[in-house]
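As provided, protein-v6.cif (mmCIF, C-alpha atoms) reads as follows.
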data_query
#
loop_
_atom_site.group_PDB
_atom_site.id
_atom_site.type_symbol
_atom_site.label_atom_id
_atom_site.label_comp_id
_atom_site.auth_asym_id
_atom_site.auth_seq_id
_atom_site.Cartn_x
_atom_site.Cartn_y
_atom_site.Cartn_z
ATOM 1 C CA MET A 113 85.235 74.910 177.120
ATOM 2 C CA ARG A 114 86.213 78.564 176.752
ATOM 3 C CA ARG A 115 87.599 79.652 173.438
ATOM 4 C CA ILE A 116 91.293 80.619 173.362
ATOM 5 C CA PRO A 117 91.550 84.393 172.814
ATOM 6 C CA PRO A 118 92.686 85.277 169.268
ATOM 7 C CA GLY A 119 96.317 86.282 169.101
ATOM 8 C CA LEU A 120 97.324 84.528 172.317
ATOM 9 C CA GLY A 121 99.545 82.003 170.493
ATOM 10 C CA PRO A 122 101.600 84.589 168.542
ATOM 11 C CA LEU A 123 101.859 86.804 171.627
ATOM 12 C CA LEU A 124 103.242 83.944 173.736
ATOM 13 C CA LEU A 125 105.611 82.922 170.953
ATOM 14 C CA GLY A 126 106.773 86.529 170.597
ATOM 15 C CA LEU A 127 107.461 86.747 174.323
ATOM 16 C CA GLY A 128 109.367 83.468 174.180
ATOM 17 C CA LEU A 129 111.530 84.716 171.317
ATOM 18 C CA ALA A 130 112.152 87.972 173.181
ATOM 19 C CA VAL A 131 113.383 85.996 176.188
ATOM 20 C CA ALA A 132 115.585 83.869 173.903
ATOM 21 C CA SER A 133 117.243 87.039 172.588
ATOM 22 C CA HIS A 134 118.491 87.919 176.092
ATOM 23 C CA PRO A 135 122.312 87.937 176.203
ATOM 24 C CA ALA A 136 122.376 85.215 178.865
ATOM 25 C CA VAL A 137 120.484 82.900 176.512
ATOM 26 C CA ALA A 138 122.040 84.062 173.222
ATOM 27 C CA ALA A 139 125.539 83.318 174.540
ATOM 28 C CA PHE A 140 124.807 79.604 174.146
ATOM 29 C CA PHE A 141 124.442 80.040 170.359
ATOM 30 C CA GLY A 142 128.032 81.182 169.856
ATOM 31 C CA GLN A 143 131.386 79.580 170.214
ATOM 32 C CA GLU A 144 133.457 80.153 173.327
ATOM 33 C CA GLY A 145 135.293 83.489 173.092
ATOM 34 C CA ALA A 146 134.240 84.124 169.476
ATOM 35 C CA SER A 147 130.798 85.600 170.155
ATOM 36 C CA ARG A 148 129.909 88.645 172.181
ATOM 37 C CA PRO A 149 126.178 89.046 172.872
ATOM 38 C CA LEU A 150 124.682 92.519 172.831
ATOM 39 C CA THR A 151 123.805 93.982 176.201
ATOM 40 C CA VAL A 152 120.156 94.362 177.163
ATOM 41 C CA GLY A 153 120.462 98.137 176.873
ATOM 42 C CA ARG A 154 121.881 98.010 173.343
ATOM 43 C CA LEU A 155 119.301 95.443 172.256
ATOM 44 C CA ALA A 156 116.487 97.589 173.673
ATOM 45 C CA GLU A 157 117.863 100.658 171.865
ATOM 46 C CA LEU A 158 117.947 98.813 168.536
ATOM 47 C CA ALA A 159 114.466 97.389 169.165
ATOM 48 C CA LEU A 160 113.063 100.874 169.845
ATOM 49 C CA ASN A 161 114.621 102.218 166.630
ATOM 50 C CA HIS A 162 113.275 99.190 164.767
ATOM 51 C CA VAL A 163 109.738 99.666 166.094
ATOM 52 C CA THR A 164 109.768 103.395 165.332
ATOM 53 C CA LEU A 165 110.935 102.895 161.748
ATOM 54 C CA ALA A 166 108.636 99.923 161.098
ATOM 55 C CA ALA A 167 105.617 101.733 162.593
ATOM 56 C CA THR A 168 106.302 104.800 160.448
ATOM 57 C CA GLY A 169 106.562 102.645 157.339
ATOM 58 C CA LEU A 170 103.422 100.723 158.275
ATOM 59 C CA ALA A 171 101.523 104.000 158.710
ATOM 60 C CA VAL A 172 102.629 105.208 155.262
ATOM 61 C CA VAL A 173 101.791 101.858 153.655
ATOM 62 C CA THR A 174 98.383 101.767 155.356
ATOM 63 C CA LEU A 175 97.556 105.297 154.258
ATOM 64 C CA LEU A 176 98.606 104.721 150.647
ATOM 65 C CA GLY A 177 97.544 101.070 150.256
ATOM 66 C CA VAL A 178 94.154 101.359 151.939
ATOM 67 C CA GLY A 179 93.583 104.757 150.315
ATOM 68 C CA LEU A 180 94.300 103.413 146.843
ATOM 69 C CA GLY A 181 92.154 100.367 147.610
ATOM 70 C CA LEU A 182 89.232 102.604 148.531
ATOM 71 C CA ILE A 183 89.699 104.618 145.342
ATOM 72 C CA ALA A 184 89.964 101.489 143.171
ATOM 73 C CA THR A 185 86.671 100.099 144.507
ATOM 74 C CA ARG A 186 84.653 103.265 143.846
ATOM 75 C CA ALA A 187 82.467 103.064 140.739
ATOM 76 C CA ARG A 188 83.713 106.338 139.283
ATOM 77 C CA PHE A 189 87.332 105.098 139.340
ATOM 78 C CA ALA A 190 86.602 101.615 137.974
ATOM 79 C CA PRO A 191 88.358 102.313 134.636
ATOM 80 C CA PHE A 192 91.614 103.054 136.524
ATOM 81 C CA ARG A 193 91.517 99.953 138.750
ATOM 82 C CA GLY A 194 93.858 97.922 136.553
ATOM 83 C CA SER A 195 96.341 100.784 136.246
ATOM 84 C CA ILE A 196 96.423 101.312 140.019
ATOM 85 C CA ASP A 197 97.096 97.621 140.602
ATOM 86 C CA THR A 198 99.822 97.532 137.929
ATOM 87 C CA LEU A 199 101.555 100.545 139.457
ATOM 88 C CA ALA A 200 101.566 98.912 142.895
ATOM 89 C CA ALA A 201 102.862 95.640 141.436
ATOM 90 C CA PHE A 202 105.666 97.484 139.637
ATOM 91 C CA ALA A 203 106.795 99.039 142.925
ATOM 92 C CA GLN A 204 107.308 95.559 144.387
ATOM 93 C CA ALA A 205 108.873 94.097 141.239
ATOM 94 C CA VAL A 206 112.212 95.823 141.857
ATOM 95 C CA PRO A 207 114.407 93.747 144.227
ATOM 96 C CA LEU A 208 114.550 95.121 147.753
ATOM 97 C CA VAL A 209 118.329 95.519 147.837
ATOM 98 C CA VAL A 210 118.203 97.401 144.517
ATOM 99 C CA VAL A 211 115.597 99.823 145.890
ATOM 100 C CA VAL A 212 117.811 100.565 148.886
ATOM 101 C CA ALA A 213 120.952 100.910 146.731
ATOM 102 C CA LEU A 214 119.299 103.275 144.234
ATOM 103 C CA ALA A 215 117.890 105.406 147.037
ATOM 104 C CA LEU A 216 121.223 105.868 148.837
ATOM 105 C CA PRO A 217 122.691 108.570 146.526
ATOM 106 C CA VAL A 218 119.488 110.609 146.771
ATOM 107 C CA LEU A 219 118.211 109.962 150.302
ATOM 108 C CA GLY A 220 121.479 109.157 152.057
ATOM 109 C CA PHE A 221 122.061 106.490 154.681
ATOM 110 C CA GLY A 222 119.742 105.500 157.508
ATOM 111 C CA GLY A 223 115.964 105.648 157.728
ATOM 112 C CA PRO A 224 114.839 107.369 154.474
ATOM 113 C CA PRO A 225 115.929 104.627 152.018
ATOM 114 C CA THR A 226 114.497 102.028 154.393
ATOM 115 C CA LEU A 227 111.151 103.840 154.459
ATOM 116 C CA LEU A 228 111.180 103.964 150.659
ATOM 117 C CA ALA A 229 111.754 100.201 150.511
ATOM 118 C CA LEU A 230 109.020 99.661 153.102
ATOM 119 C CA THR A 231 106.579 101.671 151.030
ATOM 120 C CA ALA A 232 107.497 99.983 147.759
ATOM 121 C CA TYR A 233 107.131 96.499 149.200
ATOM 122 C CA GLY A 234 104.040 97.101 151.301
ATOM 123 C CA ILE A 235 101.697 98.931 148.939
ATOM 124 C CA MET A 236 100.772 96.029 146.636
ATOM 125 C CA PRO A 237 99.642 93.488 149.287
ATOM 126 C CA THR A 238 97.878 96.242 151.235
ATOM 127 C CA LEU A 239 96.116 97.514 148.119
ATOM 128 C CA ARG A 240 95.030 94.059 146.961
ATOM 129 C CA GLY A 241 93.954 93.014 150.449
ATOM 130 C CA THR A 242 91.854 96.160 150.811
ATOM 131 C CA VAL A 243 90.232 95.626 147.416
ATOM 132 C CA GLY A 244 89.516 91.982 148.247
ATOM 133 C CA ALA A 245 87.989 92.858 151.630
ATOM 134 C CA LEU A 246 85.722 95.523 150.152
ATOM 135 C CA ASP A 247 84.732 93.369 147.175
ATOM 136 C CA ALA A 248 83.652 90.659 149.636
ATOM 137 C CA VAL A 249 80.933 92.931 151.021
ATOM 138 C CA SER A 250 77.656 91.667 149.602
ATOM 139 C CA VAL A 251 75.812 93.649 146.974
ATOM 140 C CA GLU A 252 72.621 93.188 149.023
ATOM 141 C CA ALA A 253 74.155 95.052 151.972
ATOM 142 C CA ARG A 254 75.048 97.990 149.753
ATOM 143 C CA GLN A 255 71.634 97.999 148.082
ATOM 144 C CA SER A 256 69.847 97.896 151.433
ATOM 145 C CA ALA A 257 71.860 100.874 152.656
ATOM 146 C CA GLN A 258 71.112 102.696 149.417
ATOM 147 C CA ALA A 259 67.415 101.941 149.767
ATOM 148 C CA ILE A 260 67.191 103.657 153.165
ATOM 149 C CA GLY A 261 68.779 106.776 151.722
ATOM 150 C CA LEU A 262 72.410 106.574 152.825
ATOM 151 C CA THR A 263 74.897 108.543 150.775
ATOM 152 C CA PRO A 264 77.927 106.796 149.176
ATOM 153 C CA ALA A 265 80.162 108.156 151.960
ATOM 154 C CA GLN A 266 77.764 106.879 154.624
ATOM 155 C CA ILE A 267 77.548 103.470 152.948
ATOM 156 C CA LEU A 268 81.332 103.267 153.006
ATOM 157 C CA ALA A 269 81.606 104.374 156.650
ATOM 158 C CA TYR A 270 78.660 102.484 158.165
ATOM 159 C CA VAL A 271 78.328 99.399 155.944
ATOM 160 C CA GLU A 272 81.363 98.582 153.817
ATOM 161 C CA LEU A 273 84.198 99.300 156.241
ATOM 162 C CA PRO A 274 82.613 97.529 159.262
ATOM 163 C CA LEU A 275 81.803 94.440 157.166
ATOM 164 C CA ALA A 276 85.259 94.485 155.560
ATOM 165 C CA ALA A 277 87.043 95.013 158.909
ATOM 166 C CA PRO A 278 88.172 91.365 159.393
ATOM 167 C CA GLY A 279 89.673 91.299 155.900
ATOM 168 C CA LEU A 280 91.351 94.654 156.480
ATOM 169 C CA ILE A 281 92.888 93.349 159.712
ATOM 170 C CA GLU A 282 94.315 90.379 157.800
ATOM 171 C CA THR A 283 95.738 92.805 155.254
ATOM 172 C CA LEU A 284 97.386 94.877 157.967
ATOM 173 C CA ARG A 285 98.877 91.709 159.471
ATOM 174 C CA THR A 286 100.649 91.043 156.182
ATOM 175 C CA ALA A 287 101.792 94.660 155.947
ATOM 176 C CA LEU A 288 103.099 94.556 159.523
ATOM 177 C CA ILE A 289 105.190 91.414 158.943
ATOM 178 C CA LEU A 290 106.644 92.989 155.797
ATOM 179 C CA ALA A 291 107.396 96.218 157.663
ATOM 180 C CA VAL A 292 109.263 94.407 160.445
ATOM 181 C CA SER A 293 111.299 92.258 158.045
ATOM 182 C CA VAL A 294 112.152 95.062 155.593
ATOM 183 C CA THR A 295 113.212 97.300 158.492
ATOM 184 C CA ALA A 296 115.769 94.654 159.423
ATOM 185 C CA VAL A 297 117.119 94.730 155.859
ATOM 186 C CA GLY A 298 117.424 98.510 156.245
ATOM 187 C CA ALA A 299 120.579 97.856 158.268
ATOM 188 C CA LEU A 300 122.317 97.445 154.903
ATOM 189 C CA ALA A 301 121.560 101.134 154.301
ATOM 190 C CA GLY A 302 122.982 102.140 157.671
ATOM 191 C CA ALA A 303 119.700 102.199 159.598
ATOM 192 C CA SER A 304 120.218 101.347 163.267
ATOM 193 C CA THR A 305 117.765 98.465 163.680
ATOM 194 C CA LEU A 306 117.702 94.875 164.853
ATOM 195 C CA GLY A 307 119.161 94.015 161.470
ATOM 196 C CA THR A 308 122.397 95.736 162.518
ATOM 197 C CA PRO A 309 123.678 92.871 164.725
ATOM 198 C CA ILE A 310 122.661 90.407 161.995
ATOM 199 C CA VAL A 311 124.772 92.182 159.370
ATOM 200 C CA ALA A 312 127.646 92.805 161.794
ATOM 201 C CA GLY A 313 127.436 89.254 163.082
ATOM 202 C CA LEU A 314 127.790 87.859 159.581
ATOM 203 C CA GLN A 315 130.806 90.065 158.946
ATOM 204 C CA ASN A 316 132.535 89.442 162.281
ATOM 205 C CA GLN A 317 131.425 85.855 162.892
ATOM 206 C CA ASN A 318 129.608 87.046 166.008
ATOM 207 C CA ILE A 319 126.996 84.299 166.065
ATOM 208 C CA ALA A 320 125.446 85.315 169.393
ATOM 209 C CA ALA A 321 124.729 88.885 168.269
ATOM 210 C CA MET A 322 123.411 87.606 164.942
ATOM 211 C CA PHE A 323 120.980 85.279 166.698
ATOM 212 C CA GLN A 324 119.918 88.069 169.051
ATOM 213 C CA GLY A 325 119.006 90.310 166.127
ATOM 214 C CA ALA A 326 117.143 87.526 164.316
ATOM 215 C CA LEU A 327 115.245 86.362 167.398
ATOM 216 C CA ALA A 328 114.332 89.897 168.493
ATOM 217 C CA THR A 329 113.111 90.746 164.981
ATOM 218 C CA ALA A 330 110.940 87.627 164.927
ATOM 219 C CA ALA A 331 109.661 88.512 168.417
ATOM 220 C CA LEU A 332 108.502 91.941 167.214
ATOM 221 C CA ALA A 333 106.759 90.374 164.222
ATOM 222 C CA PHE A 334 104.881 87.817 166.354
ATOM 223 C CA LEU A 335 103.977 90.366 169.035
ATOM 224 C CA GLY A 336 102.580 92.766 166.440
ATOM 225 C CA ASP A 337 100.759 89.953 164.664
ATOM 226 C CA GLY A 338 99.243 88.739 167.917
ATOM 227 C CA LEU A 339 98.061 92.246 168.765
ATOM 228 C CA LEU A 340 96.345 92.640 165.392
ATOM 229 C CA LEU A 341 94.797 89.172 165.740
ATOM 230 C CA ALA A 342 93.419 90.177 169.142
ATOM 231 C CA ILE A 343 91.948 93.357 167.648
ATOM 232 C CA GLY A 344 90.466 91.396 164.752
ATOM 233 C CA GLY A 345 88.943 88.871 167.150
ATOM 234 C CA TRP A 346 87.393 91.667 169.177
ATOM 235 C CA LEU A 347 85.842 93.101 166.004
ATOM 236 C CA GLN A 348 84.092 89.799 165.284
ATOM 237 C CA PRO A 349 80.412 90.200 166.298
ATOM 238 C CA ASP A 350 80.119 86.694 167.828
ATOM 239 C CA HIS A 351 83.244 87.269 169.936
ATOM 240 C CA ARG A 352 81.968 90.600 171.212
ATOM 241 C CA LEU A 353 78.580 89.085 172.094
ATOM 242 C CA ALA A 354 80.269 86.199 173.925
ATOM 243 C CA ALA A 355 82.245 88.665 176.010
ATOM 244 C CA VAL A 356 79.078 90.418 177.195
#
Let's see the structure in the file written out as structure tokens.
Amino acid sequence: MRRIPPGLGPLLLGLGLAVASHPAVAAFFGQEGASRPLTVGRLAELALNHVTLAATGLAVVTLLGVGLGLIATRARFAPFRGSIDTLAAFAQAVPLVVVVALALPVLGFGGPPTLLALTAYGIMPTLRGTVGALDAVSVEARQSAQAIGLTPAQILAYVELPLAAPGLIETLRTALILAVSVTAVGALAGASTLGTPIVAGLQNQNIAAMFQGALATAALAFLGDGLLLAIGGWLQPDHRLAAV
């Protein structure tokens, strides 16, 4: 029996949720005459804005979280490891809505306060996941690489990162889900995302539009998660050998 490709389940679920967010389907969620579903064009516009903002936030979180994780696991920075982790934890300790509200007077409405919230909420899990993935690399693997004369940078590039790749993929999956969900909350700061019909739907009792925003947001999360799972499965040595 052939093994089911990794990520196929989330991808299919994401596609199903995307179909369910279509106005023809979403209309069934609302009451007669009280709900007005968003058009396909408007939903696609919001989805594109959502993806752009979430992808930007994910890139920032990956750069900072993985970067800090790499620094924290280097021997020379070992004394600062606890301080780095505490700083990342503090960034997530402030409630999300408070982060957005405090950022509004300085950054204004729209994307910037949402990106700040994305960064604050994504750094800690990304940092800790990176540290955990790198710490899981066996000491013997590092010592063997050292014994053949590899430099610390080469050990990181050719030994640690490849062996830690599955754990790093899992970390990025968590960061991606957070990015998609926090981007939806960014609608409270005036960002034009799939959270916009959710907020407006709650205010105007437009149940169909609210369900469209929620279902489309979930669809993006599952589609992104499935894509990362597929990449992670491809990186597994046994999977790559089986495909040959």
**Message:** Env of A:Leu230: 7 Å cut, atoms = all atoms listed in the file, seq-sep filter 4 positions within chain, self excluded. Answer as a ChimeraX atom specification.
**Reply:** /A:169,226,234,291,294
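Residue nearest A:Val251, chosen from A:Val212, A:Ala200, A:Leu160, A:Leu275 and counting only C-alpha atoms: A:Leu275.
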**Request:** Tell me which residues the PyMOL selection byres ((chain A and resi 144-159) around 7) grabs here, as a PyMOL selection string.
**Result:** chain A and resi 134-135+138-139+142-143+160-163+304-306+318-321
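Put simply, atom CA of A:Gly223 is 24.1 Å away from atom CA of A:Thr283.
Relative to atom CA of A:Leu208, atom CA of A:Ala229 is found at 6.4 Å.
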**Request:** For A:Pro225, work out the shell of residues within 10 Å, counting all atoms listed in the file and skipping chain neighbours fewer than 2 positions away, then give it as a ChimeraX atom specification.
**Result:** /A:211-223,227-231,298,301-303
**Message:** Between atom CA of A:Ala166 and atom CA of A:Leu125, what distance in Å does the model show, to one decimal?
**Reply:** 19.9 Å
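Applied to the file shown here, the PyMOL selection byres ((chain A and resi 242) around 6) selects the residues Val178, Gly181, Leu239, Arg240, Gly241, Val243, Gly244, Ala245 and Leu280 of chain A.
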Could you add the missing atoms to stretch 195-215 of chain A, up to N, CA, C and O atoms, and return them as a PDB file, keeping the file's coordinate frame?
ATOM      1  N   SER A 195      95.122  99.971 136.252  1.00  0.00           N
ATOM      2  CA  SER A 195      96.341 100.784 136.246  1.00  0.00           C
ATOM      3  C   SER A 195      96.887 100.969 137.652  1.00  0.00           C
ATOM      4  O   SER A 195      98.107 100.934 137.868  1.00  0.00           O
ATOM      5  N   ILE A 196      95.994 101.157 138.625  1.00  0.00           N
ATOM      6  CA  ILE A 196      96.423 101.312 140.019  1.00  0.00           C
ATOM      7  C   ILE A 196      97.107 100.039 140.507  1.00  0.00           C
ATOM      8  O   ILE A 196      98.167 100.080 141.147  1.00  0.00           O
ATOM      9  N   ASP A 197      96.525  98.893 140.179  1.00  0.00           N
ATOM     10  CA  ASP A 197      97.096  97.621 140.602  1.00  0.00           C
ATOM     11  C   ASP A 197      98.451  97.376 139.938  1.00  0.00           C
ATOM     12  O   ASP A 197      99.396  96.901 140.575  1.00  0.00           O
ATOM     13  N   THR A 198      98.560  97.721 138.652  1.00  0.00           N
ATOM     14  CA  THR A 198      99.822  97.532 137.929  1.00  0.00           C
ATOM     15  C   THR A 198     100.921  98.402 138.519  1.00  0.00           C
ATOM     16  O   THR A 198     102.071  97.969 138.662  1.00  0.00           O
ATOM     17  N   LEU A 199     100.575  99.633 138.867  1.00  0.00           N
ATOM     18  CA  LEU A 199     101.555 100.545 139.457  1.00  0.00           C
ATOM     19  C   LEU A 199     102.068 100.011 140.795  1.00  0.00           C
ATOM     20  O   LEU A 199     103.276 100.047 141.074  1.00  0.00           O
ATOM     21  N   ALA A 200     101.160  99.469 141.609  1.00  0.00           N
ATOM     22  CA  ALA A 200     101.566  98.912 142.895  1.00  0.00           C
ATOM     23  C   ALA A 200     102.431  97.667 142.704  1.00  0.00           C
ATOM     24  O   ALA A 200     103.409  97.457 143.426  1.00  0.00           O
ATOM     25  N   ALA A 201     102.079  96.851 141.707  1.00  0.00           N
ATOM     26  CA  ALA A 201     102.862  95.640 141.436  1.00  0.00           C
ATOM     27  C   ALA A 201     104.257  95.999 140.938  1.00  0.00           C
ATOM     28  O   ALA A 201     105.240  95.337 141.284  1.00  0.00           O
ATOM     29  N   PHE A 202     104.358  97.055 140.149  1.00  0.00           N
ATOM     30  CA  PHE A 202     105.666  97.484 139.637  1.00  0.00           C
ATOM     31  C   PHE A 202     106.577  97.918 140.778  1.00  0.00           C
ATOM     32  O   PHE A 202     107.777  97.659 140.765  1.00  0.00           O
ATOM     33  N   ALA A 203     105.993  98.572 141.791  1.00  0.00           N
ATOM     34  CA  ALA A 203     106.795  99.039 142.925  1.00  0.00           C
ATOM     35  C   ALA A 203     107.439  97.872 143.661  1.00  0.00           C
ATOM     36  O   ALA A 203     108.545  97.995 144.193  1.00  0.00           O
ATOM     37  N   GLN A 204     106.757  96.713 143.675  1.00  0.00           N
ATOM     38  CA  GLN A 204     107.308  95.559 144.387  1.00  0.00           C
ATOM     39  C   GLN A 204     108.167  94.681 143.479  1.00  0.00           C
ATOM     40  O   GLN A 204     108.856  93.783 143.965  1.00  0.00           O
ATOM     41  N   ALA A 205     108.131  94.943 142.178  1.00  0.00           N
ATOM     42  CA  ALA A 205     108.873  94.097 141.239  1.00  0.00           C
ATOM     43  C   ALA A 205     110.378  94.322 141.333  1.00  0.00           C
ATOM     44  O   ALA A 205     111.167  93.425 141.037  1.00  0.00           O
ATOM     45  N   VAL A 206     110.782  95.519 141.739  1.00  0.00           N
ATOM     46  CA  VAL A 206     112.212  95.823 141.857  1.00  0.00           C
ATOM     47  C   VAL A 206     112.751  95.158 143.119  1.00  0.00           C
ATOM     48  O   VAL A 206     112.165  95.294 144.192  1.00  0.00           O
ATOM     49  N   PRO A 207     113.852  94.403 143.031  1.00  0.00           N
ATOM     50  CA  PRO A 207     114.407  93.747 144.227  1.00  0.00           C
ATOM     51  C   PRO A 207     114.671  94.734 145.356  1.00  0.00           C
ATOM     52  O   PRO A 207     115.080  95.879 145.123  1.00  0.00           O
ATOM     53  N   LEU A 208     114.445  94.263 146.569  1.00  0.00           N
ATOM     54  CA  LEU A 208     114.550  95.121 147.753  1.00  0.00           C
ATOM     55  C   LEU A 208     115.921  95.773 147.876  1.00  0.00           C
ATOM     56  O   LEU A 208     116.027  96.975 148.136  1.00  0.00           O
ATOM     57  N   VAL A 209     116.972  94.990 147.696  1.00  0.00           N
ATOM     58  CA  VAL A 209     118.329  95.519 147.837  1.00  0.00           C
ATOM     59  C   VAL A 209     118.592  96.592 146.779  1.00  0.00           C
ATOM     60  O   VAL A 209     119.282  97.588 147.044  1.00  0.00           O
ATOM     61  N   VAL A 210     118.026  96.414 145.590  1.00  0.00           N
ATOM     62  CA  VAL A 210     118.203  97.401 144.517  1.00  0.00           C
ATOM     63  C   VAL A 210     117.512  98.711 144.881  1.00  0.00           C
ATOM     64  O   VAL A 210     118.041  99.798 144.644  1.00  0.00           O
ATOM     65  N   VAL A 211     116.317  98.613 145.465  1.00  0.00           N
ATOM     66  CA  VAL A 211     115.597  99.823 145.890  1.00  0.00           C
ATOM     67  C   VAL A 211     116.436 100.612 146.887  1.00  0.00           C
ATOM     68  O   VAL A 211     116.589 101.835 146.776  1.00  0.00           O
ATOM     69  N   VAL A 212     116.982  99.905 147.863  1.00  0.00           N
ATOM     70  CA  VAL A 212     117.811 100.565 148.886  1.00  0.00           C
ATOM     71  C   VAL A 212     119.052 101.175 148.247  1.00  0.00           C
ATOM     72  O   VAL A 212     119.427 102.323 148.533  1.00  0.00           O
ATOM     73  N   ALA A 213     119.711 100.425 147.354  1.00  0.00           N
ATOM     74  CA  ALA A 213     120.952 100.910 146.731  1.00  0.00           C
ATOM     75  C   ALA A 213     120.702 102.142 145.864  1.00  0.00           C
ATOM     76  O   ALA A 213     121.489 103.093 145.881  1.00  0.00           O
ATOM     77  N   LEU A 214     119.607 102.131 145.100  1.00  0.00           N
ATOM     78  CA  LEU A 214     119.299 103.275 144.234  1.00  0.00           C
ATOM     79  C   LEU A 214     118.908 104.507 145.039  1.00  0.00           C
ATOM     80  O   LEU A 214     119.111 105.642 144.586  1.00  0.00           O
ATOM     81  N   ALA A 215     118.329 104.273 146.218  1.00  0.00           N
ATOM     82  CA  ALA A 215     117.890 105.406 147.037  1.00  0.00           C
ATOM     83  C   ALA A 215     119.030 106.064 147.803  1.00  0.00           C
ATOM     84  O   ALA A 215     118.940 107.232 148.186  1.00  0.00           O
TER      85      ALA A 215
END
